[in-house]
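Q: Structure: entry36.cif, mmCIF, C-alpha atoms (C1' of nucleotides).
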```cif
data_structure
loop_
_atom_site.group_PDB
_atom_site.id
_atom_site.type_symbol
_atom_site.label_atom_id
_atom_site.label_comp_id
_atom_site.auth_asym_id
_atom_site.auth_seq_id
_atom_site.Cartn_x
_atom_site.Cartn_y
_atom_site.Cartn_z
ATOM 1 C CA MET A 1 -29.234 13.724 -31.963
ATOM 2 C CA GLU A 2 -25.960 14.442 -30.269
ATOM 3 C CA THR A 3 -25.590 15.726 -26.772
ATOM 4 C CA LEU A 4 -23.735 18.995 -26.585
ATOM 5 C CA GLU A 5 -20.725 18.037 -24.527
ATOM 6 C CA HIS A 6 -18.516 20.000 -22.326
ATOM 7 C CA THR A 7 -15.011 18.585 -22.201
ATOM 8 C CA PHE A 8 -12.256 19.092 -19.692
ATOM 9 C CA SER A 9 -8.526 19.648 -19.779
ATOM 10 C CA ILE A 10 -6.408 17.248 -17.751
ATOM 11 C CA SER A 11 -6.070 19.729 -14.912
ATOM 12 C CA GLU A 12 -9.823 20.240 -14.817
ATOM 13 C CA ALA A 13 -10.301 16.485 -14.852
ATOM 14 C CA ALA A 14 -7.797 16.204 -12.025
ATOM 15 C CA GLU A 15 -9.704 18.732 -10.003
ATOM 16 C CA ARG A 16 -13.011 16.946 -10.584
ATOM 17 C CA THR A 17 -11.762 13.471 -9.786
ATOM 18 C CA GLY A 18 -9.433 14.345 -6.933
ATOM 19 C CA LEU A 19 -6.542 12.679 -8.727
ATOM 20 C CA THR A 20 -3.431 14.363 -10.057
ATOM 21 C CA ALA A 21 -2.770 14.909 -13.762
ATOM 22 C CA HIS A 22 0.127 12.487 -13.384
ATOM 23 C CA THR A 23 -2.186 9.812 -12.059
ATOM 24 C CA LEU A 24 -4.742 10.364 -14.804
ATOM 25 C CA ARG A 25 -2.043 9.878 -17.438
ATOM 26 C CA TYR A 26 -0.848 6.801 -15.593
ATOM 27 C CA TYR A 27 -4.343 5.311 -15.530
ATOM 28 C CA GLU A 28 -4.702 5.865 -19.234
ATOM 29 C CA ARG A 29 -1.342 4.411 -20.130
ATOM 30 C CA THR A 30 -1.830 1.397 -17.890
ATOM 31 C CA GLY A 31 -5.072 0.553 -19.675
ATOM 32 C CA LEU A 32 -7.730 1.695 -17.241
ATOM 33 C CA MET A 33 -9.703 3.912 -19.608
ATOM 34 C CA LEU A 34 -12.406 2.365 -21.743
ATOM 35 C CA THR A 35 -10.935 4.060 -24.795
ATOM 36 C CA PRO A 36 -7.936 6.344 -25.187
ATOM 37 C CA VAL A 37 -8.889 9.836 -24.117
ATOM 38 C CA ASP A 38 -9.697 12.161 -27.047
ATOM 39 C CA ARG A 39 -7.075 14.583 -28.268
ATOM 40 C CA ALA A 40 -9.093 17.455 -29.641
ATOM 41 C CA SER A 41 -7.437 19.563 -32.359
ATOM 42 C CA SER A 42 -4.092 19.083 -30.659
ATOM 43 C CA THR A 43 -2.156 16.559 -28.673
ATOM 44 C CA HIS A 44 -3.843 17.727 -25.496
ATOM 45 C CA ARG A 45 -6.328 15.453 -23.787
ATOM 46 C CA ARG A 46 -9.996 16.382 -23.613
ATOM 47 C CA PHE A 47 -11.929 14.451 -20.983
ATOM 48 C CA THR A 48 -15.626 13.974 -21.607
ATOM 49 C CA GLU A 49 -18.284 13.749 -18.919
ATOM 50 C CA GLN A 50 -18.285 10.010 -19.473
ATOM 51 C CA ASP A 51 -14.537 9.882 -18.925
ATOM 52 C CA ILE A 52 -14.961 11.722 -15.642
ATOM 53 C CA THR A 53 -17.775 9.415 -14.580
ATOM 54 C CA TRP A 54 -15.696 6.396 -15.452
ATOM 55 C CA VAL A 55 -12.639 7.629 -13.561
ATOM 56 C CA SER A 56 -14.868 8.363 -10.595
ATOM 57 C CA PHE A 57 -16.003 4.775 -10.591
ATOM 58 C CA LEU A 58 -12.395 3.625 -10.861
ATOM 59 C CA THR A 59 -11.629 5.588 -7.718
ATOM 60 C CA LYS A 60 -14.362 3.648 -5.906
ATOM 61 C CA LEU A 61 -12.689 0.434 -6.922
ATOM 62 C CA ARG A 62 -9.314 1.747 -5.789
ATOM 63 C CA ALA A 63 -10.779 3.099 -2.554
ATOM 64 C CA THR A 64 -11.882 -0.432 -1.798
ATOM 65 C CA SER A 65 -8.397 -1.787 -2.559
ATOM 66 C CA MET A 66 -9.065 -3.426 -5.868
ATOM 67 C CA PRO A 67 -5.608 -3.872 -7.426
ATOM 68 C CA ILE A 68 -4.883 -2.100 -10.698
ATOM 69 C CA ALA A 69 -4.529 -5.459 -12.466
ATOM 70 C CA ARG A 70 -8.019 -6.542 -11.431
ATOM 71 C CA ILE A 71 -9.447 -3.245 -12.519
ATOM 72 C CA ARG A 72 -7.782 -3.805 -15.866
ATOM 73 C CA GLU A 73 -9.544 -7.146 -16.188
ATOM 74 C CA TYR A 74 -12.813 -5.452 -15.408
ATOM 75 C CA VAL A 75 -12.159 -2.755 -18.003
ATOM 76 C CA GLU A 76 -11.452 -5.387 -20.605
ATOM 77 C CA LEU A 77 -14.764 -7.059 -19.845
ATOM 78 C CA VAL A 78 -16.561 -3.759 -20.212
ATOM 79 C CA ARG A 79 -14.905 -3.301 -23.602
ATOM 80 C CA ASP A 80 -16.270 -6.685 -24.648
ATOM 81 C CA GLY A 81 -19.771 -5.285 -24.386
ATOM 82 C CA ASP A 82 -23.006 -6.995 -23.389
ATOM 83 C CA GLU A 83 -21.774 -10.535 -23.686
ATOM 84 C CA SER A 84 -19.557 -9.975 -20.629
ATOM 85 C CA THR A 85 -22.271 -8.769 -18.313
ATOM 86 C CA ALA A 86 -22.374 -11.968 -16.309
ATOM 87 C CA SER A 87 -18.588 -11.987 -15.900
ATOM 88 C CA ARG A 88 -18.576 -8.396 -14.773
ATOM 89 C CA LEU A 89 -21.298 -9.135 -12.266
ATOM 90 C CA GLU A 90 -19.334 -12.042 -10.936
ATOM 91 C CA LEU A 91 -16.156 -9.990 -10.657
ATOM 92 C CA LEU A 92 -17.938 -7.257 -8.749
ATOM 93 C CA LEU A 93 -19.711 -9.727 -6.477
ATOM 94 C CA ARG A 94 -16.399 -11.341 -5.640
ATOM 95 C CA HIS A 95 -14.939 -7.963 -4.932
ATOM 96 C CA ARG A 96 -17.907 -7.070 -2.783
ATOM 97 C CA ILE A 97 -17.099 -9.925 -0.463
ATOM 98 C CA THR A 98 -13.608 -8.567 0.117
ATOM 99 C CA VAL A 99 -14.961 -5.089 0.743
ATOM 100 C CA VAL A 100 -17.414 -6.301 3.345
ATOM 101 C CA ALA A 101 -14.565 -8.199 4.997
ATOM 102 C CA GLN A 102 -12.385 -5.103 4.984
ATOM 103 C CA LEU A 103 -15.147 -3.065 6.551
ATOM 104 C CA ALA A 104 -15.669 -5.672 9.224
ATOM 105 C CA GLU A 105 -11.983 -5.882 10.044
ATOM 106 C CA MET A 106 -11.602 -2.156 10.184
ATOM 107 C CA GLN A 107 -14.635 -1.915 12.403
ATOM 108 C CA ARG A 108 -13.245 -4.544 14.744
ATOM 109 C CA SER A 109 -9.903 -2.772 14.838
ATOM 110 C CA LEU A 110 -11.613 0.499 15.613
ATOM 111 C CA THR A 111 -13.379 -1.127 18.523
ATOM 112 C CA ALA A 112 -10.048 -2.319 19.919
ATOM 113 C CA ILE A 113 -8.607 1.154 19.531
ATOM 114 C CA ASP A 114 -11.637 2.614 21.242
ATOM 115 C CA VAL A 115 -11.053 0.353 24.207
ATOM 116 C CA LYS A 116 -7.560 1.815 24.582
ATOM 117 C CA ILE A 117 -8.899 5.300 24.184
ATOM 118 C CA ALA A 118 -11.409 4.690 26.955
ATOM 119 C CA ILE A 119 -8.630 3.463 29.237
ATOM 120 C CA TYR A 120 -6.535 6.539 28.561
ATOM 121 C CA GLU A 121 -9.486 8.832 29.078
ATOM 122 C CA GLU A 122 -10.157 7.236 32.408
ATOM 123 C CA LYS A 123 -6.517 7.676 33.394
ATOM 124 C CA VAL A 124 -6.370 11.275 32.283
ATOM 125 C CA ALA A 125 -9.606 12.102 34.088
ATOM 126 C CA HIS A 126 -8.236 10.769 37.357
ATOM 127 C CA ALA A 127 -4.861 12.458 37.058
ATOM 128 C CA MET B 1 4.350 -12.998 43.103
ATOM 129 C CA GLU B 2 5.160 -13.899 39.584
ATOM 130 C CA THR B 3 2.751 -15.231 37.048
ATOM 131 C CA LEU B 4 3.713 -18.570 35.639
ATOM 132 C CA GLU B 5 4.167 -17.745 31.984
ATOM 133 C CA HIS B 6 3.897 -19.769 28.906
ATOM 134 C CA THR B 7 6.143 -18.463 26.161
ATOM 135 C CA PHE B 8 6.069 -19.019 22.418
ATOM 136 C CA SER B 9 8.568 -19.661 19.691
ATOM 137 C CA ILE B 10 8.515 -17.301 16.744
ATOM 138 C CA SER B 11 6.543 -19.741 14.643
ATOM 139 C CA GLU B 12 3.969 -20.141 17.401
ATOM 140 C CA ALA B 13 3.797 -16.378 17.740
ATOM 141 C CA ALA B 14 3.337 -16.116 13.997
ATOM 142 C CA GLU B 15 0.481 -18.551 14.119
ATOM 143 C CA ARG B 16 -1.191 -16.697 16.967
ATOM 144 C CA THR B 17 -0.867 -13.241 15.457
ATOM 145 C CA GLY B 18 -1.505 -14.120 11.845
ATOM 146 C CA LEU B 19 1.804 -12.563 10.836
ATOM 147 C CA THR B 20 4.814 -14.356 9.388
ATOM 148 C CA ALA B 21 7.998 -14.994 11.346
ATOM 149 C CA HIS B 22 9.722 -12.636 8.909
ATOM 150 C CA THR B 23 7.283 -9.877 9.739
ATOM 151 C CA LEU B 24 7.631 -10.399 13.472
ATOM 152 C CA ARG B 25 11.398 -10.035 13.193
ATOM 153 C CA TYR B 26 10.909 -6.969 11.037
ATOM 154 C CA TYR B 27 8.591 -5.381 13.596
ATOM 155 C CA GLU B 28 11.098 -5.978 16.339
ATOM 156 C CA ARG B 29 14.041 -4.630 14.406
ATOM 157 C CA THR B 30 12.146 -1.569 13.266
ATOM 158 C CA GLY B 31 11.360 -0.667 16.858
ATOM 159 C CA LEU B 32 7.751 -1.695 17.259
ATOM 160 C CA MET B 33 8.144 -3.897 20.322
ATOM 161 C CA LEU B 34 8.005 -2.311 23.744
ATOM 162 C CA THR B 35 11.208 -4.106 24.673
ATOM 163 C CA PRO B 36 13.417 -6.473 22.714
ATOM 164 C CA VAL B 37 11.878 -9.916 22.737
ATOM 165 C CA ASP B 38 13.473 -12.270 25.287
ATOM 166 C CA ARG B 39 16.044 -14.775 24.126
ATOM 167 C CA ALA B 40 15.667 -17.649 26.526
ATOM 168 C CA SER B 41 18.778 -19.786 27.105
ATOM 169 C CA SER B 42 19.713 -19.343 23.461
ATOM 170 C CA THR B 43 19.503 -16.839 20.670
ATOM 171 C CA HIS B 44 15.993 -17.959 19.895
ATOM 172 C CA ARG B 45 13.139 -15.591 20.645
ATOM 173 C CA ARG B 46 10.573 -16.424 23.297
ATOM 174 C CA PHE B 47 7.390 -14.411 22.990
ATOM 175 C CA THR B 48 5.430 -13.831 26.181
ATOM 176 C CA GLU B 49 1.661 -13.494 26.396
ATOM 177 C CA GLN B 50 2.187 -9.750 26.708
ATOM 178 C CA ASP B 51 4.260 -9.728 23.535
ATOM 179 C CA ILE B 52 1.461 -11.494 21.714
ATOM 180 C CA THR B 53 -1.115 -9.094 23.114
ATOM 181 C CA TRP B 54 1.011 -6.153 22.085
ATOM 182 C CA VAL B 55 1.566 -7.433 18.565
ATOM 183 C CA SER B 56 -2.144 -8.061 18.280
ATOM 184 C CA PHE B 57 -2.799 -4.448 19.094
ATOM 185 C CA LEU B 58 -0.170 -3.401 16.551
ATOM 186 C CA THR B 59 -2.072 -5.328 13.924
ATOM 187 C CA LYS B 60 -5.184 -3.289 14.754
ATOM 188 C CA LEU B 61 -3.219 -0.131 14.132
ATOM 189 C CA ARG B 62 -1.871 -1.526 10.862
ATOM 190 C CA ALA B 63 -5.297 -2.780 9.825
ATOM 191 C CA THR B 64 -6.483 0.785 10.117
ATOM 192 C CA SER B 65 -3.561 2.024 7.997
ATOM 193 C CA MET B 66 -1.480 3.637 10.677
ATOM 194 C CA PRO B 67 1.980 3.954 9.115
ATOM 195 C CA ILE B 68 4.869 2.134 10.765
ATOM 196 C CA ALA B 69 6.516 5.455 11.619
ATOM 197 C CA ARG B 70 3.456 6.642 13.522
ATOM 198 C CA ILE B 71 3.237 3.360 15.362
ATOM 199 C CA ARG B 72 6.861 3.830 16.330
ATOM 200 C CA GLU B 73 6.020 7.217 17.830
ATOM 201 C CA TYR B 74 3.233 5.614 19.770
ATOM 202 C CA VAL B 75 5.519 2.862 21.028
ATOM 203 C CA GLU B 76 8.014 5.442 22.205
ATOM 204 C CA LEU B 77 5.293 7.193 24.165
ATOM 205 C CA VAL B 78 4.275 3.949 25.794
ATOM 206 C CA ARG B 79 7.894 3.405 26.815
ATOM 207 C CA ASP B 80 7.892 6.806 28.489
ATOM 208 C CA GLY B 81 5.329 5.514 30.965
ATOM 209 C CA ASP B 82 2.491 7.316 32.698
ATOM 210 C CA GLU B 83 3.624 10.812 31.927
ATOM 211 C CA SER B 84 2.808 10.240 28.259
ATOM 212 C CA THR B 85 -0.782 9.151 28.768
ATOM 213 C CA ALA B 86 -2.242 12.400 27.481
ATOM 214 C CA SER B 87 -0.039 12.318 24.380
ATOM 215 C CA ARG B 88 -0.988 8.734 23.650
ATOM 216 C CA LEU B 89 -4.636 9.582 24.021
ATOM 217 C CA GLU B 90 -4.255 12.472 21.630
ATOM 218 C CA LEU B 91 -2.411 10.323 19.093
ATOM 219 C CA LEU B 92 -5.108 7.670 19.184
ATOM 220 C CA LEU B 93 -7.908 10.205 18.998
ATOM 221 C CA ARG B 94 -6.307 11.755 15.933
ATOM 222 C CA HIS B 95 -5.959 8.333 14.412
ATOM 223 C CA ARG B 96 -9.563 7.555 15.229
ATOM 224 C CA ILE B 97 -10.684 10.433 13.049
ATOM 225 C CA THR B 98 -8.829 8.979 10.062
ATOM 226 C CA VAL B 99 -10.300 5.536 10.697
ATOM 227 C CA VAL B 100 -13.841 6.866 10.800
ATOM 228 C CA ALA B 101 -13.140 8.706 7.548
ATOM 229 C CA GLN B 102 -11.776 5.540 5.964
ATOM 230 C CA LEU B 103 -14.830 3.603 7.013
ATOM 231 C CA ALA B 104 -17.106 6.247 5.593
ATOM 232 C CA GLU B 105 -15.257 6.367 2.292
ATOM 233 C CA MET B 106 -15.225 2.629 1.944
ATOM 234 C CA GLN B 107 -18.914 2.494 2.763
ATOM 235 C CA ARG B 108 -19.664 5.128 0.137
ATOM 236 C CA SER B 109 -17.571 3.259 -2.405
ATOM 237 C CA LEU B 110 -19.375 0.047 -1.599
ATOM 238 C CA THR B 111 -22.676 1.763 -2.234
ATOM 239 C CA ALA B 112 -21.478 2.871 -5.671
ATOM 240 C CA ILE B 113 -20.330 -0.646 -6.446
ATOM 241 C CA ASP B 114 -23.665 -2.008 -5.282
ATOM 242 C CA VAL B 115 -25.431 0.283 -7.718
ATOM 243 C CA LYS B 116 -23.426 -1.278 -10.558
ATOM 244 C CA ILE B 117 -24.121 -4.725 -9.246
ATOM 245 C CA ALA B 118 -27.844 -4.012 -9.209
ATOM 246 C CA ILE B 119 -27.682 -2.841 -12.821
ATOM 247 C CA TYR B 120 -25.860 -5.988 -13.898
ATOM 248 C CA GLU B 121 -28.272 -8.195 -11.983
ATOM 249 C CA GLU B 122 -31.150 -6.520 -13.713
ATOM 250 C CA LYS B 123 -29.501 -7.074 -17.076
ATOM 251 C CA VAL B 124 -28.681 -10.678 -16.397
ATOM 252 C CA ALA B 125 -32.187 -11.378 -15.146
ATOM 253 C CA HIS B 126 -33.694 -10.064 -18.385
ATOM 254 C CA ALA B 127 -31.279 -11.870 -20.657
ATOM 255 C "C1'" DG C 1 25.817 -38.108 19.753
ATOM 256 C "C1'" DT C 2 23.842 -37.335 15.437
ATOM 257 C "C1'" DT C 3 20.363 -35.924 12.436
ATOM 258 C "C1'" DT C 4 16.747 -32.900 11.079
ATOM 259 C "C1'" DG C 5 14.365 -28.996 11.111
ATOM 260 C "C1'" DA C 6 13.609 -24.608 13.216
ATOM 261 C "C1'" DC C 7 15.894 -20.920 14.323
ATOM 262 C "C1'" DT C 8 19.443 -16.850 13.831
ATOM 263 C "C1'" DT C 9 21.353 -12.283 11.428
ATOM 264 C "C1'" DC C 10 22.139 -9.520 7.577
ATOM 265 C "C1'" DG C 11 21.433 -7.130 3.718
ATOM 266 C "C1'" DA C 12 19.301 -7.094 -0.495
ATOM 267 C "C1'" DG C 13 15.137 -7.595 -3.349
ATOM 268 C "C1'" DT C 14 10.161 -7.153 -4.475
ATOM 269 C "C1'" DG C 15 5.613 -5.336 -5.716
ATOM 270 C "C1'" DC C 16 2.556 -1.907 -5.849
ATOM 271 C "C1'" DG C 17 0.942 2.469 -7.078
ATOM 272 C "C1'" DC C 18 2.080 6.161 -8.002
ATOM 273 C "C1'" DT C 19 5.334 10.410 -8.648
ATOM 274 C "C1'" DC C 20 8.592 13.082 -10.797
ATOM 275 C "C1'" DG C 21 11.737 15.527 -13.975
ATOM 276 C "C1'" DA C 22 13.507 16.524 -18.397
ATOM 277 C "C1'" DA C 23 12.964 18.250 -22.722
ATOM 278 C "C1'" DG C 24 10.085 19.615 -25.913
ATOM 279 C "C1'" DT C 25 5.271 21.379 -27.899
ATOM 280 C "C1'" DT C 26 0.976 23.977 -27.921
ATOM 281 C "C1'" DC C 27 -2.420 27.094 -26.342
ATOM 282 C "C1'" DT C 28 -3.913 31.741 -24.517
ATOM 283 C "C1'" DA C 29 -3.581 36.347 -23.626
ATOM 284 C "C1'" DT C 30 -1.645 40.555 -24.779
ATOM 285 C "C1'" DA D 1 4.293 38.139 -32.742
ATOM 286 C "C1'" DT D 2 5.614 36.692 -28.466
ATOM 287 C "C1'" DA D 3 5.743 35.499 -23.639
ATOM 288 C "C1'" DG D 4 4.280 32.413 -20.293
ATOM 289 C "C1'" DA D 5 1.545 28.796 -18.727
ATOM 290 C "C1'" DA D 6 -0.188 24.374 -19.505
ATOM 291 C "C1'" DC D 7 0.352 20.610 -21.858
ATOM 292 C "C1'" DT D 8 2.954 16.407 -24.097
ATOM 293 C "C1'" DT D 9 5.893 11.760 -23.827
ATOM 294 C "C1'" DC D 10 9.241 8.964 -21.805
ATOM 295 C "C1'" DG D 11 11.597 6.535 -18.639
ATOM 296 C "C1'" DA D 12 13.387 6.578 -14.222
ATOM 297 C "C1'" DG D 13 12.745 6.998 -9.235
ATOM 298 C "C1'" DC D 14 10.437 6.624 -4.850
ATOM 299 C "C1'" DG D 15 8.173 5.167 -0.454
ATOM 300 C "C1'" DC D 16 6.205 1.860 1.947
ATOM 301 C "C1'" DA D 17 5.853 -2.515 4.062
ATOM 302 C "C1'" DC D 18 7.185 -6.251 3.795
ATOM 303 C "C1'" DT D 19 9.681 -10.600 1.852
ATOM 304 C "C1'" DC D 20 13.322 -13.406 0.859
ATOM 305 C "C1'" DG D 21 17.701 -15.999 0.604
ATOM 306 C "C1'" DA D 22 22.155 -17.155 2.164
ATOM 307 C "C1'" DA D 23 24.950 -18.962 5.426
ATOM 308 C "C1'" DG D 24 25.387 -20.295 9.663
ATOM 309 C "C1'" DT D 25 23.692 -21.892 14.740
ATOM 310 C "C1'" DC D 26 20.839 -24.380 17.869
ATOM 311 C "C1'" DA D 27 17.707 -27.796 19.893
ATOM 312 C "C1'" DA D 28 14.502 -31.835 20.286
ATOM 313 C "C1'" DA D 29 13.948 -36.509 19.063
ATOM 314 C "C1'" DC D 30 15.808 -40.707 18.371
#
```
As structure tokens - that is how I would like this structure written.
A:
Amino acid sequence: METLEHTFSISEAAERTGLTAHTLRYYERTGLMLTPVDRASSTHRRFTEQDITWVSFLTKLRATSMPIARIREYVELVRDGDESTASRLELLLRHRITVVAQLAEMQRSLTAIDVKIAIYEEKVAHA
Amino acid sequence: METLEHTFSISEAAERTGLTAHTLRYYERTGLMLTPVDRASSTHRRFTEQDITWVSFLTKLRATSMPIARIREYVELVRDGDESTASRLELLLRHRITVVAQLAEMQRSLTAIDVKIAIYEEKVAHA
DNA sequence: GTTTGACTTCGAGTGCGCTCGAAGTTCTAT
DNA sequence: ATAGAACTTCGAGCGCACTCGAAGTCAAAC
């Protein structure tokens, strides 16, 4: 049995993912999609729900500063199927460490900024 | 009364701030120092404790993705002295909002990545 | 006083991730 | 059938924040 699928034009996909159509084409051409996006009865792209879900996950990787090249490696592992599960896990665990570090650094920086803010607030209050 | 000050060469300053000498020169030339760095009895820079402290704060702003141009605005306000306190406070408060948003987005992204990790761990465990 | 290594300025180059524009094609609505 | 909007590919361009190299100057150690 086949799921009845709604597909999306590139502009609809852009809207749903928060990326631009330009960026979606760039991601495809730079090898970040699991498979080339379907071209239904025309040259125009049709994004499936799975495509959208995938791109959404890509944006999580990007939002945590994973470089495009690393994402490409990850994509290639996914294409390899089940045999690459352990490698994918390792890649994501490694990445996780950097994300936690980024969060910690940003949190520390925020604290330093908050100290300045408190000083300025004090000054302004006594002006 | 004057504080007896230890000063630092550019390579010492680099070591202390975690930046490269190249970057320190770049920051100075692009207008991010409060005043030009002293050149003691030569053309060579001598960084004071205050310089180091200042650069350290700059790195907090950079670590939270404040663009160089915005930092420059902030620096100019600091140079204006006390009359700019309110403006500086406002600038930092605005920035704070973006930092909190960044933290939230990164945290959400991490959660999504953790979901994948959990799936892979499950798979690997049952292999 | 000479060597060695750190420093100087300057402008150009790099890497990343988009971002854009041109020129042409296809879909949708009338 | 046709107008207009949305899409296509392609390669070039951009913005940001460094990063580097060349060519020369200076200083600390011997």
Q: Write out as a PyMOL selection string each polymer residue whose atoms come within 12 Å of C:DT4, counting all atoms listed in the file; drop sequence neighbours fewer than 2 positions from it.
A: (chain C and resi 2+6) or (chain D and resi 26-30)
Q: As an exercise, work out the distance from atom CA of B:Leu91 to atom CA of A:His126 in Å and give it to one decimal place.
A: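 The value is 19.2 Å.
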Q: Tell me as JSON, numbers by chain which residues belonging to chain B come within 7 Å of chain A, counting all atoms listed in the file.
A: {"B": [60, 63, 64, 85, 86, 89, 92, 103, 106, 109, 117, 120, 124]}
Q: Counting only C-alpha atoms (C1' of nucleotides), which residues from chain A have an atom at most 10 Å from any atom of chain D, and could you show them as a list in words?
A: Ser9, Ile10, Ser11, Ser42, Thr43, His44 and Arg45 of chain A
Q: Take atom CA of B:Ile97 and atom CA of B:Tyr26 and report the distance between them in Å, one decimal.
A: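 Distance between the two atoms: 27.8 Å.
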Q: Using only C-alpha atoms (C1' of nucleotides) and a distance of at most 12 Å, pull out the residues of chain C that contact chain B, as a list in words.
A: DA6, DC7, DT8, DT9 and DC10 of chain C
Q: Please expand the PyMOL selection byres ((chain A and resi 17) around 10) into the concrete residues it hits in this file, giving the result as a ChimeraX atom specification.
A: /A:11-16,18-21,24,52-59
Q: Next, dump the selected residues to file, keeping only C-alpha atoms, as a short mmCIF file (atom, residue, chain, number, x, y, z; two decimals), keeping the file's coordinate frame.
A:
```
data_model
loop_
_atom_site.label_atom_id
_atom_site.label_comp_id
_atom_site.auth_asym_id
_atom_site.auth_seq_id
_atom_site.Cartn_x
_atom_site.Cartn_y
_atom_site.Cartn_z
CA SER A 11 -6.07 19.73 -14.91
CA GLU A 12 -9.82 20.24 -14.82
CA ALA A 13 -10.30 16.48 -14.85
CA ALA A 14 -7.80 16.20 -12.02
CA GLU A 15 -9.70 18.73 -10.00
CA ARG A 16 -13.01 16.95 -10.58
CA GLY A 18 -9.43 14.34 -6.93
CA LEU A 19 -6.54 12.68 -8.73
CA THR A 20 -3.43 14.36 -10.06
CA ALA A 21 -2.77 14.91 -13.76
CA LEU A 24 -4.74 10.36 -14.80
CA ILE A 52 -14.96 11.72 -15.64
CA THR A 53 -17.77 9.41 -14.58
CA TRP A 54 -15.70 6.40 -15.45
CA VAL A 55 -12.64 7.63 -13.56
CA SER A 56 -14.87 8.36 -10.60
CA PHE A 57 -16.00 4.78 -10.59
CA LEU A 58 -12.40 3.62 -10.86
CA THR A 59 -11.63 5.59 -7.72
#
```
Q: Care to translate the PyMOL selection byres ((chain B and resi 47) around 6) into actual residues of this file, as a list in words?
A: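 That selection, the PyMOL selection byres ((chain B and resi 47) around 6), comes back as Thr7, Phe8, Arg46, Thr48 and Asp51 of chain B.
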Q: Mind telling me what the PyMOL selection byres ((chain C and resi 16) around 10) catches here, as a PDB file with C-alpha atoms (C1' of nucleotides), in the coordinates of the input?
A:
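The resulting out22.pdb:
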```pdb
ATOM      1  CA  PRO A  67      -5.608  -3.872  -7.426  1.00  0.00           C
ATOM      2  CA  ILE A  68      -4.883  -2.100 -10.698  1.00  0.00           C
TER       3      ILE A  68
ATOM      4  C1'  DT C  14      10.161  -7.153  -4.475  1.00  0.00           C
ATOM      5  C1'  DG C  15       5.613  -5.336  -5.716  1.00  0.00           C
ATOM      6  C1'  DG C  17       0.942   2.469  -7.078  1.00  0.00           C
ATOM      7  C1'  DC C  18       2.080   6.161  -8.002  1.00  0.00           C
TER       8       DC C  18
ATOM      9  C1'  DC D  16       6.205   1.860   1.947  1.00  0.00           C
TER      10       DC D  16
END
```
Q: Could you tell me how far atom CA of B:Val37 sits from atom CA of B:Arg25, in Å to one decimal place?
A: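 Straight-line distance from atom CA of B:Arg25 to atom CA of B:Val37 works out to 9.6 Å.
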Q: Would you give the centre and edge lengths, in Å to one decimal, of a box along x, y and z around the listed atoms of stretch 11-27 of chain C, with 4 Å added to each side, as JSON?
A:
```
{"center_x": 9.5, "center_y": 9.7, "center_z": -12.1, "size_x": 31.9, "size_y": 42.7, "size_z": 39.6}
```
